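Have a look at the structure below, then the notes.
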Amino acid sequence: MRIGQGYDVHKLLKSGGALVLGGVHIPFDYGLVGHSDADVAVHALIDAILGALGLGDIGLIFPDNSDEYLGISSLLLLERVRDMMISKGYSVGNADITIVAQLPKIMPFAYEMRSNIAKALRTDITRISVKATTEEGLGFTGRGEGIAAHAVVLLEEKNESEQS
């Protein structure tokens with residue numbers, strides 16, 4: 001087994017792009033700013049998986065100065081990381097993601113986020129957890145200046161019959 005952890009943050013702006021978290025477009029007056037779709041939840045999970053595999057981080061694999069990734073769906077990036085994980089002989093045991101945001105309310109969208117992530121990873125939804133917290137008005141997330149996400153993942157080595 002291997003364990004990885006990831007963290008990501010993006011700025012919220014009124015003139016930002018869409019607000020996408022866990023692959024879900026969330027109606028909100030502010031959007032996250034980033035090179036891709038700025039999905040902090042998926043970015044944190046990608047970093048956790050890459051860390052568990054010893055492959056660096058999202059910026060190394062998908063550089064933010066490459067036009068190839070401009071505006072790309074983070075779920076597509078997660079699928080590419082899934083393929084790397086499978087090629088190394090691993091599958092997801094479970095993943096736990098915490099989104100840190102004062103607003104908007106995240107939990108009404110959590111099931112759809114879990115579903116999107118499970119589909120991208122080709123695993124059962126029961127292996128994916130998405131939860132949210134505020135910081136009680138403290139810090140940049142508490143002031144509504146940005147959204148952050150933390151992720152932890154457990155990868156399990158697949159036996160030879162599962163790898164074929």
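Identifiers in the structure tokens: chain A, B, ... in order shown; residue index from 1 per chain; ligand index from 1 in order shown.
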Those in range 18-82 of chain A with strand (DSSP E or B) from DSSP, as a VMD selection string: chain A and resid 20 to 21 24 to 25 31 to 32
Can those selected residues be exported to a file as a compact mmCIF listing (two decimals), in the first residue's frame so that it contains N, CA, C and O atoms?
# COMPACT_ATOMS: atom_id res chain seq x y z
N VAL A 20 -15.80 25.26 -10.57
CA VAL A 20 -15.86 23.82 -10.79
C VAL A 20 -15.15 23.15 -9.63
O VAL A 20 -13.99 23.44 -9.34
N LEU A 21 -15.86 22.26 -8.95
CA LEU A 21 -15.29 21.48 -7.84
C LEU A 21 -15.72 20.03 -8.01
O LEU A 21 -16.91 19.75 -8.16
N VAL A 24 -17.98 19.33 -10.88
CA VAL A 24 -19.34 19.86 -10.86
C VAL A 24 -19.29 21.37 -11.04
O VAL A 24 -18.56 22.06 -10.33
N HIS A 25 -20.07 21.88 -11.99
CA HIS A 25 -20.19 23.33 -12.18
C HIS A 25 -21.19 23.84 -11.14
O HIS A 25 -22.37 23.50 -11.20
N GLY A 31 -15.77 32.87 -9.57
CA GLY A 31 -15.15 31.70 -10.16
C GLY A 31 -13.71 31.57 -9.73
O GLY A 31 -13.09 32.54 -9.28
N LEU A 32 -13.17 30.38 -9.86
CA LEU A 32 -11.78 30.14 -9.52
C LEU A 32 -10.88 30.48 -10.70
O LEU A 32 -11.24 30.24 -11.85
Kindly assemble as JSON lines a list of the range 45-67 of chain A residues that lie within 9 Å of range 92-103 of chain A, each paired with its nearest atom pair and their distance in Å to one decimal, using only C-alpha atoms, sorted first by chain and then by ascending residue number.
{"residue": "A:Leu45", "atom": "CA", "partner": "A:Ile97", "partner_atom": "CA", "distance": 7.1}
{"residue": "A:Ala48", "atom": "CA", "partner": "A:Ala95", "partner_atom": "CA", "distance": 8.9}
{"residue": "A:Ile49", "atom": "CA", "partner": "A:Val92", "partner_atom": "CA", "distance": 8.7}
Expected answer as an MDAnalysis selection string: helix (DSSP H, G or I) residues in range 1-123 of chain A: chainID A and resid 40:53 58:61 67:69 74:87 107:121
Near-range 66-83 of chain A list (12 Å; only C-alpha atoms; drop same-chain fewer than 6 positions) as a ChimeraX atom specification: /A:17-25,32-53,55-60,89-92,113-123,155
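Note that the spacing between CA of Lys88 in chain A and CA of Glu157 in chain A amounts to 8.7 Å.
When CA of Arg2 in chain A is paired with CA of Met85 in chain A, their separation reads 11.2 Å.
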Which of A:Ile61, A:Ile125, A:Ala132, A:Leu13 sits closest to Glu145 in chain A [using only C-alpha atoms]: A:Leu13
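Taking CA of Tyr7 in chain A and CA of Ala149 in chain A as endpoints, the distance between them is 5.6 Å.
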